[in-house]
Amino acid sequence: MIFWRRRKDKGAGKKKISRLNSCKELTIPSHFLCPISLDLMKDPVTLCTGISYDRENIEKWIEARNSTCPVTNQVLRNYDLIPNHTIRKMIQDWCVENKNYGIERVPTPRIPTNSSQVSEICSRLMVETQRGNEKKCRELVGRIKILAKESERNKKCIVECGTGSVFAACFEIFAKVSVENCADLLKDLLFGLIWMFPIGEEGKTKLGSAISLRCMAWFLKGEDLSARQNAIIVMKELLSYDQSYANELTEIQDLAESLFQMVKVPICPSTTKASLMVIYSMVSSTLGENNNKVVAKFVNMGLVSLILEILVDAEKCIAEKALAVLDCFCNFQEGKEKAYDNGLTMPLIVKKIMKVSQMATECSVSVLWKLCKGGHEISIIEALELGAFQKLLVVLQVGCGEKTKEKATELLKLMNIYKDRVDCFDVSTGFKYLKRSY
């Protein structure tokens, strides 16, 4: 038998049993507990070996490519999971009997969906989409949404059935009809798409079309925070699979302004990261005159200064993305000029070296190299005064990528030229190490 006991030390025993006094204990029959997690089973299922487990735990065990029963260690003849209604009913009755102890009744689990059910819904969705029946499409999308909420297993089944490709096709068709009139359906489709990637080549083509991308950009300009969040995440996911769509994004009017606002007035960390990644793709993937126009737009809006403000206290993931964007902007003269003019630039860049992560260090070294190369005297001297020389030596000592090593070495040589201008420390010893090692 397993015991739930109320304890007063270290906050233990807080499993909704507040009505127990210190001298009472509530026993849980051992056959009610999942052998894997030792928690009360919510959806007991039985393997071919006759042992019952909670469905979620045994599914994870099987998904991890284990081929034996966790308890008996027998090789599984099949992976069929048979619902154990008897145990589940006993558990529910036990919960009701002990409700005075704060035990909540385990709800009756729903039957997991299957590929046939999902495929049928998707087929009907495509038919109704071709007919332009928005109301019926919303109903079918809602059914998919309900199934996905029930369990991770359902979500996995929905993705494997290619629902993402169907949603993408539906999104493109209704975006072509009328974004304003079909906004609710389009929002529902975006909400589903954020967890359906990868969506296949056909789905990617539909979602990456000019019509679909302009529809997402339209949502970014709106006031619906949920729609904006879903639109930017879907846009980011699409670009992570194919950067070529960034060229199409640069052609969309007012998208740069919308992305700037997404960074300036963040909804949540995930949308900030997604916005920075989309900006990075737009700036780094485009070529020629159009590239300069995009950069000029962002620079004139004050994005370089905004990124520097974000870097002051940004968490790791956001700092990495922000540094990558700043590094990208420093490929252009307009971006470098804004960086030179901001008093935060050099202190923040030097501070981030060896401070956040390897990726952040590589981006910081790259930014520093772009600002200092060509002998930009003011930047080099400021970097020396901030201790960049010592940090760059550490970067070389602990190891880094080949490109970062080359940039760090070149920076150290540049700084050695200006070392006599700085009296706060002696860099000659460090440079002797550099010549000896490289």
# chains A, B, ... in the order shown; residues from 1 in each chain; ligands from 1
>>> residues_around(residues="range 172-180 of chain A", least_positions_apart="3", cutoff="6 Å", atoms="only C-alpha atoms", output="list in words")
Ala169, Ala183 and Ser212 of chain A
>>> select_by_dssp(residues="range 279-359 of chain A", states="helix (DSSP H, G or I)", output="ChimeraX atom specification")
/A:279-285,288-301,303-311,316-329,333-341,345-352,358-359
>>> atom_distance(atom1="CA of Ile51 in chain A", atom2="CA of Ile91 in chain A")
16.1 Å
>>> residues_around(residues="range 221-237 of chain A", least_positions_apart="4", cutoff="6 Å", atoms="only C-alpha atoms", output="MDAnalysis selection string")
chainID A and resid 187 190:191 194 216 258 271 274 278
